[in-house]
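Okay, structure first, notes after.
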Amino acid sequence: MSEEDQLDLPGDGETSAGNTSTEDTLSRLDSGEPKDRAKAGDDGDNDRETGRKRRRGLSPAYCLGIFALILIISSVVSGILNHFLITPFAAGMSLFGALWYISVRRRSSSDGVIFYSHSQILYYWPIWAGAFVISDLAEIPGIATMVTISDAETMLAPPQMALFHLIVVAVVVFFTSVNIRGVWAVVFAVTLLSIGLTFSVLNWWPQVFAYLGGLSLHADQGFYRVMGVVLFLPWLLVVFIFDIRRFFHFLPTQITMVNEIGEGEKNYDSIGVVMEKKRDNFMQHMALGFGSGDIILTPKVADREVIIFPNVLRVNKVLDQIQEIREKRGRNLG
């Protein structure tokens, strides 16, 4: 080995500028110089950690909670000043429900992946959201119509809005009841909405109602507000409280299925389980569910039991997390 190679060896303790004697090393140890350097290094690490925290800023969940609180406060203030706007209040409560949902799932799945099965009411949010929006728009004199009924003034929403909301209700109920899969679901939904918008823009609905017997579609602000509340409260409770009682807990060695908390569990071996994703009902899973889907599990048991877990939110992310657990388990076994 050449002299230059020997000088480049790590930890050699010598440089081309000169040698360090043993006495100098012992004198530095006695003087506490290495301790000072270690302390300085710890201070530097703390400063870098503080700098990283400052650069990261607020977490997304914290920002989402602040935004939800702003929506609720603005809705309450609007009620104190003039008219209560219920749409921001419902949006804020929904965001708080989502934060609660995320915190429960993260706390429960610290050593695995938890995913929940939701009810069909998960997809009914356009109905109560549309009712709240129309009820708030009825506060605007230029949009709504003021009428007097039994010596009491009330604001009527435009018939076009009422008709469009009915079309939305029909589309949501239809696609959450009839499982039309594939591209035909998108074609059918877009066709219905296009027909409804075309008739509204061209003002053809009065002729249609006249042909059906002179029907006149009018609803006041109170109707839409009551309709939205009646549907919003069950939606909020079911999606964020009752649905999380039925879940799958995927662990590296086993899968635990809980139908109802406190009513027993069922465990399966996670090795050899087959998982299949069903998300080809585009209108329900993509447009209304924002990436939800159905998961079908076939455990490796004698009777080849098939378990269907419908309406799992963010199903792609759930499957990616499960795949990561399986890869780690494979490396550990290897």
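Following the order of the structure tokens, first chain is A, next is B, and so on, with residues numbered from 1 inside each chain and ligands from 1 in the order they appear.
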Contacts of Pro159 of chain A within 10 Å, only C-alpha atoms, excl. fewer than 4 positions in-chain, as a PyMOL selection string: chain A and resi 144+163-165+200+205-206+216-219
With a distance cut-off of 8 Å and only C-alpha atoms, select the neighbouring residues of segment 186-198 of chain A, excluding the residue or stretch itself and same-chain residues fewer than 4 positions from it, and output the selection as a PyMOL selection string. chain A and resi 164+167-168+171+182+202+282-283
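Nearest residue to Glu305 of chain A among A:Phe209, A:Leu215, A:Ala162, A:Val274 is A:Val274, counting only C-alpha atoms.
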Provide the atom CA of Ser103 of chain A to atom CA of His285 of chain A distance in Å, to one decimal place. 23.2 Å
Just asking: which residues within segment 154-277 of chain A are strand (DSSP E or B) according to DSSP, as a count of residues only? 22
